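Undergrad: Structure supplied as protein_18.pdb; contents: PDB, C-alpha atoms (C1' of nucleotides).
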```
MODEL        1
ATOM      1  CA  MET A 254      47.213  42.952 122.930  1.00  0.00           C
ATOM      2  CA  LYS A 255      47.114  40.230 125.440  1.00  0.00           C
ATOM      3  CA  GLY A 256      49.284  40.664 128.471  1.00  0.00           C
ATOM      4  CA  SER A 257      50.613  37.177 127.920  1.00  0.00           C
ATOM      5  CA  ASN A 258      54.166  38.260 127.570  1.00  0.00           C
ATOM      6  CA  PHE A 259      55.468  34.738 127.309  1.00  0.00           C
ATOM      7  CA  PHE A 260      53.275  33.608 124.451  1.00  0.00           C
ATOM      8  CA  ASN A 261      53.722  36.912 122.721  1.00  0.00           C
ATOM      9  CA  ARG A 262      57.473  36.507 122.965  1.00  0.00           C
ATOM     10  CA  VAL A 263      57.273  33.020 121.505  1.00  0.00           C
ATOM     11  CA  TYR A 264      55.274  34.310 118.581  1.00  0.00           C
ATOM     12  CA  GLU A 265      57.807  37.074 118.029  1.00  0.00           C
ATOM     13  CA  ILE A 266      60.679  34.642 117.875  1.00  0.00           C
ATOM     14  CA  VAL A 267      58.913  32.068 115.754  1.00  0.00           C
ATOM     15  CA  SER A 268      57.849  34.729 113.299  1.00  0.00           C
ATOM     16  CA  GLN A 269      61.519  35.612 112.950  1.00  0.00           C
ATOM     17  CA  ILE A 270      62.468  32.154 111.724  1.00  0.00           C
ATOM     18  CA  PRO A 271      63.532  32.488 108.088  1.00  0.00           C
ATOM     19  CA  GLU A 272      62.402  30.026 105.436  1.00  0.00           C
ATOM     20  CA  GLY A 273      64.512  26.947 105.149  1.00  0.00           C
ATOM     21  CA  LYS A 274      65.270  27.080 108.854  1.00  0.00           C
ATOM     22  CA  VAL A 275      63.743  25.478 111.895  1.00  0.00           C
ATOM     23  CA  ALA A 276      63.891  26.013 115.638  1.00  0.00           C
ATOM     24  CA  THR A 277      63.303  23.680 118.543  1.00  0.00           C
ATOM     25  CA  TYR A 278      60.934  24.278 121.432  1.00  0.00           C
ATOM     26  CA  GLY A 279      63.827  24.163 123.866  1.00  0.00           C
ATOM     27  CA  GLN A 280      65.767  26.605 121.749  1.00  0.00           C
ATOM     28  CA  ILE A 281      62.962  29.112 121.752  1.00  0.00           C
ATOM     29  CA  ALA A 282      62.335  28.567 125.432  1.00  0.00           C
ATOM     30  CA  ALA A 283      65.986  29.339 126.064  1.00  0.00           C
ATOM     31  CA  MET A 284      65.644  32.567 124.108  1.00  0.00           C
ATOM     32  CA  LEU A 285      62.798  33.538 126.369  1.00  0.00           C
ATOM     33  CA  GLY A 286      65.006  33.059 129.357  1.00  0.00           C
ATOM     34  CA  SER A 287      63.392  29.799 130.460  1.00  0.00           C
ATOM     35  CA  PRO A 288      65.286  26.896 128.918  1.00  0.00           C
ATOM     36  CA  ARG A 289      62.981  24.482 130.721  1.00  0.00           C
ATOM     37  CA  ALA A 290      59.815  26.019 129.403  1.00  0.00           C
ATOM     38  CA  ALA A 291      59.907  24.073 126.164  1.00  0.00           C
ATOM     39  CA  ARG A 292      56.421  22.792 126.913  1.00  0.00           C
ATOM     40  CA  ILE A 293      55.116  26.301 127.158  1.00  0.00           C
ATOM     41  CA  VAL A 294      56.460  26.986 123.708  1.00  0.00           C
ATOM     42  CA  GLY A 295      54.665  23.907 122.461  1.00  0.00           C
ATOM     43  CA  GLU A 296      51.491  25.086 124.092  1.00  0.00           C
ATOM     44  CA  ALA A 297      51.992  28.484 122.533  1.00  0.00           C
ATOM     45  CA  MET A 298      52.242  26.819 119.158  1.00  0.00           C
ATOM     46  CA  ARG A 299      49.087  24.877 119.758  1.00  0.00           C
ATOM     47  CA  ARG A 300      47.275  28.043 120.607  1.00  0.00           C
ATOM     48  CA  THR A 301      48.913  30.000 117.789  1.00  0.00           C
ATOM     49  CA  PRO A 302      46.440  32.693 116.683  1.00  0.00           C
ATOM     50  CA  GLU A 303      46.034  32.366 112.930  1.00  0.00           C
ATOM     51  CA  TYR A 304      45.910  36.103 112.431  1.00  0.00           C
ATOM     52  CA  LEU A 305      49.488  36.378 113.662  1.00  0.00           C
ATOM     53  CA  ASP A 306      50.649  34.334 110.690  1.00  0.00           C
ATOM     54  CA  ILE A 307      53.105  32.311 112.707  1.00  0.00           C
ATOM     55  CA  PRO A 308      55.157  29.686 110.863  1.00  0.00           C
ATOM     56  CA  CYS A 309      54.632  27.169 113.632  1.00  0.00           C
ATOM     57  CA  HIS A 310      55.541  24.423 111.203  1.00  0.00           C
ATOM     58  CA  ARG A 311      59.124  25.584 111.504  1.00  0.00           C
ATOM     59  CA  VAL A 312      59.079  24.828 115.186  1.00  0.00           C
ATOM     60  CA  ILE A 313      59.895  21.214 115.922  1.00  0.00           C
ATOM     61  CA  SER A 314      61.329  19.092 118.693  1.00  0.00           C
ATOM     62  CA  LYS A 315      65.028  18.831 119.341  1.00  0.00           C
ATOM     63  CA  ASP A 316      65.064  15.410 117.706  1.00  0.00           C
ATOM     64  CA  GLY A 317      64.118  16.972 114.410  1.00  0.00           C
ATOM     65  CA  THR A 318      60.687  15.440 114.700  1.00  0.00           C
ATOM     66  CA  MET A 319      57.366  17.181 115.044  1.00  0.00           C
ATOM     67  CA  ALA A 320      54.005  16.679 116.652  1.00  0.00           C
ATOM     68  CA  PRO A 321      52.294  13.420 115.675  1.00  0.00           C
ATOM     69  CA  GLY A 322      49.294  14.997 114.061  1.00  0.00           C
ATOM     70  CA  TYR A 323      48.288  18.008 116.064  1.00  0.00           C
ATOM     71  CA  ALA A 324      49.747  20.210 113.362  1.00  0.00           C
ATOM     72  CA  PHE A 325      48.500  21.419 110.014  1.00  0.00           C
ATOM     73  CA  GLY A 326      46.704  18.223 109.205  1.00  0.00           C
ATOM     74  CA  GLY A 327      49.612  15.818 109.304  1.00  0.00           C
ATOM     75  CA  GLU A 328      53.295  15.403 109.873  1.00  0.00           C
ATOM     76  CA  GLY A 329      53.820  14.482 106.241  1.00  0.00           C
ATOM     77  CA  LYS A 330      52.090  17.696 105.284  1.00  0.00           C
ATOM     78  CA  GLN A 331      54.368  19.720 107.475  1.00  0.00           C
ATOM     79  CA  ARG A 332      57.351  17.851 106.128  1.00  0.00           C
ATOM     80  CA  GLU A 333      56.324  18.800 102.633  1.00  0.00           C
ATOM     81  CA  MET A 334      56.000  22.474 103.342  1.00  0.00           C
ATOM     82  CA  LEU A 335      59.243  22.615 105.261  1.00  0.00           C
ATOM     83  CA  GLU A 336      61.012  20.747 102.532  1.00  0.00           C
ATOM     84  CA  LYS A 337      59.506  23.106 100.005  1.00  0.00           C
ATOM     85  CA  GLU A 338      60.861  26.055 101.948  1.00  0.00           C
ATOM     86  CA  GLY A 339      64.318  24.572 101.788  1.00  0.00           C
ATOM     87  CA  VAL A 340      64.545  22.574 104.979  1.00  0.00           C
ATOM     88  CA  ILE A 341      66.553  19.419 104.529  1.00  0.00           C
ATOM     89  CA  PHE A 342      65.029  16.169 105.707  1.00  0.00           C
ATOM     90  CA  LYS A 343      67.054  13.134 106.546  1.00  0.00           C
ATOM     91  CA  GLU A 344      66.201   9.659 105.347  1.00  0.00           C
ATOM     92  CA  ASN A 345      64.849   8.809 108.765  1.00  0.00           C
ATOM     93  CA  GLY A 346      62.164  11.438 108.265  1.00  0.00           C
ATOM     94  CA  CYS A 347      63.669  13.947 110.662  1.00  0.00           C
ATOM     95  CA  VAL A 348      64.807  17.471 109.895  1.00  0.00           C
ATOM     96  CA  ASP A 349      68.506  17.928 109.373  1.00  0.00           C
ATOM     97  CA  MET A 350      69.096  20.056 112.441  1.00  0.00           C
ATOM     98  CA  GLN A 351      72.755  20.494 111.666  1.00  0.00           C
ATOM     99  CA  ARG A 352      71.917  22.439 108.544  1.00  0.00           C
ATOM    100  CA  CYS A 353      68.552  23.946 109.242  1.00  0.00           C
ATOM    101  CA  LEU A 354      68.549  24.759 112.933  1.00  0.00           C
ATOM    102  CA  TRP A 355      67.936  28.483 113.061  1.00  0.00           C
ATOM    103  CA  ARG A 356      69.701  30.736 115.505  1.00  0.00           C
ATOM    104  CA  LYS A 357      69.079  34.317 116.370  1.00  0.00           C
ATOM    105  CA  PRO A 358      71.523  36.917 115.046  1.00  0.00           C
ATOM    106  CA  ILE A 359      74.221  37.335 117.671  1.00  0.00           C
ATOM    107  CA  MET A 360      74.107  41.149 117.509  1.00  0.00           C
ATOM    108  CA  GLU A 361      70.432  41.161 118.263  1.00  0.00           C
ATOM    109  CA  ARG A 362      70.186  39.085 121.412  1.00  0.00           C
ATOM    110  CA  ASP A 363      68.273  41.353 123.705  1.00  0.00           C
ATOM    111  CA  GLU A 364      66.831  38.913 126.178  1.00  0.00           C
TER     112      GLU A 364
ATOM    113  C1'  DA B 201      43.615  30.531 144.714  1.00  0.00           C
ATOM    114  C1'  DA B 202      44.426  25.660 143.560  1.00  0.00           C
ATOM    115  C1'  DT B 203      44.598  21.761 140.366  1.00  0.00           C
ATOM    116  C1'  DT B 204      45.288  19.845 135.858  1.00  0.00           C
ATOM    117  C1'  DT B 205      47.200  19.905 131.578  1.00  0.00           C
ATOM    118  C1'  DG B 206      50.517  20.206 127.815  1.00  0.00           C
ATOM    119  C1'  DA B 207      52.886  20.630 119.771  1.00  0.00           C
ATOM    120  C1'  DC B 208      58.968  19.250 125.327  1.00  0.00           C
ATOM    121  C1'  DA B 209      63.610  17.732 127.153  1.00  0.00           C
ATOM    122  C1'  DG B 210      66.569  14.563 129.482  1.00  0.00           C
ATOM    123  C1'  DC B 211      67.759  10.246 131.445  1.00  0.00           C
ATOM    124  C1'  DG B 212      66.814   5.248 132.567  1.00  0.00           C
ATOM    125  C1'  DA B 213      65.284   0.544 131.523  1.00  0.00           C
TER     126       DA B 213
ATOM    127  C1'  DG C 172      65.746   1.766 119.194  1.00  0.00           C
ATOM    128  C1'  DT C 173      61.384   2.119 121.640  1.00  0.00           C
ATOM    129  C1'  DC C 174      58.835   2.866 125.937  1.00  0.00           C
ATOM    130  C1'  DG C 175      58.601   5.219 130.505  1.00  0.00           C
ATOM    131  C1'  DC C 176      59.051   8.508 134.278  1.00  0.00           C
ATOM    132  C1'  DT C 177      60.548  12.918 135.949  1.00  0.00           C
ATOM    133  C1'  DG C 178      61.321  17.891 135.852  1.00  0.00           C
ATOM    134  C1'  DC C 179      60.072  22.573 134.691  1.00  0.00           C
ATOM    135  C1'  DC C 180      57.115  26.602 133.549  1.00  0.00           C
ATOM    136  C1'  DA C 181      53.111  28.997 132.144  1.00  0.00           C
ATOM    137  C1'  DA C 182      48.237  28.857 130.773  1.00  0.00           C
ATOM    138  C1'  DA C 183      43.495  27.176 131.144  1.00  0.00           C
ATOM    139  C1'  DT C 184      39.614  25.627 133.939  1.00  0.00           C
TER     140       DT C 184
ENDMDL
END
```
Kindly return the structure encoded in the file as structure tokens.

TA:
Amino acid sequence: MKGSNFFNRVYEIVSQIPEGKVATYGQIAAMLGSPRAARIVGEAMRRTPEYLDIPCHRVISKDGTMAPGYAFGGEGKQREMLEKEGVIFKENGCVDMQRCLWRKPIMERDE
DNA sequence: AATTTGACAGCGA
DNA sequence: GTCGCTGCCAAAT
């Protein structure tokens, strides 16, 4: 286990995102207790250890857009897999945040 | 220990 | 609607 509590926490949260749902970097950062640490979440995603099996493709920006090409081999690719999981995409190519933005169970918030 | 970087977010032009 | 700068926080070098 790495002592990197922050990254570890990000991975925990991301791994909790159900299929057909997405979360934003800022959202996750807020869960960690640092609403301004969205960039750290992004960095965590970039450094996502494969063995953790983290659905980083479900983590996108608040605009419903995702990284230009630093992910999975292409935005279109990510869009396909998200769409396949049940995430709704708008005509403009962005994720329908209103429907698919994931939120942590209220009873479980133990930040 | 200090500096640079970075898959963001928010506001301004 | 697109491009730009700033702010914030943690990790990597």

Undergrad: What separation in Å, quoted to one decimal, exists between CA of Ala291 in chain A and CA of Tyr278 in chain A?

TA: 4.8 Å

Undergrad: Compile the contact shell of DC211 in chain B as a ChimeraX atom specification: residues with an atom at most 12 Å away, counting all atoms listed in the file, same-chain residues fewer than 3 positions apart removed.

TA: /C:175-178

Undergrad: Residues of chain A within 9 Å of chain B, counting only C-alpha atoms (C1' of nucleotides), what are they? List them as a PyMOL selection string.

TA: chain A and resi 278-279+289-299+312-315+319-324

Undergrad: Quote the spacing between CA of Cys347 in chain A and CA of Gly317 in chain A in Å to one decimal place.

TA: 4.8 Å

Undergrad: Take CA of Trp355 in chain A and C1' of DT173 in chain C and report the distance between them in Å, one decimal.

TA: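 Value for the CA of Trp355 in chain A-C1' of DT173 in chain C distance: 28.5 Å.
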
Undergrad: Here's the selection I'm unsure about, the PyMOL selection byres ((chain A and resi 267) around 9); applied to the file above, which residues does it give, as a ChimeraX atom specification?

TA: /A:262-266,268-271,276,281,307-309,311-312

Undergrad: For the file shown, what are the residues hit by the PyMOL selection byres ((chain C) within 8 of (chain A)), laid out as an MDAnalysis selection string?

TA: chainID C and resid 179:181

Undergrad: Give as a list in words the residues that the PyMOL selection byres ((chain A and resi 348) around 9) matches when applied to the coordinates above.

TA: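 On this input, the PyMOL selection byres ((chain A and resi 348) around 9) captures Val275, Ile313, Asp316, Gly317, Thr318, Arg332, Leu335, Glu336, Val340, Ile341, Phe342, Lys343, Asn345, Gly346, Cys347, Asp349, Met350, Gln351, Arg352, Cys353 and Leu354 of chain A.
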
Undergrad: Specify the axis-aligned box that encloses all atoms of chain B listed in the file after padding of 4 Å on each side, stating its centre and edge lengths in Å to one decimal as AutoDock Vina command-line options.

TA:
```
--center_x 55.7 --center_y 15.5 --center_z 132.2 --size_x 32.1 --size_y 38.0 --size_z 32.9
```
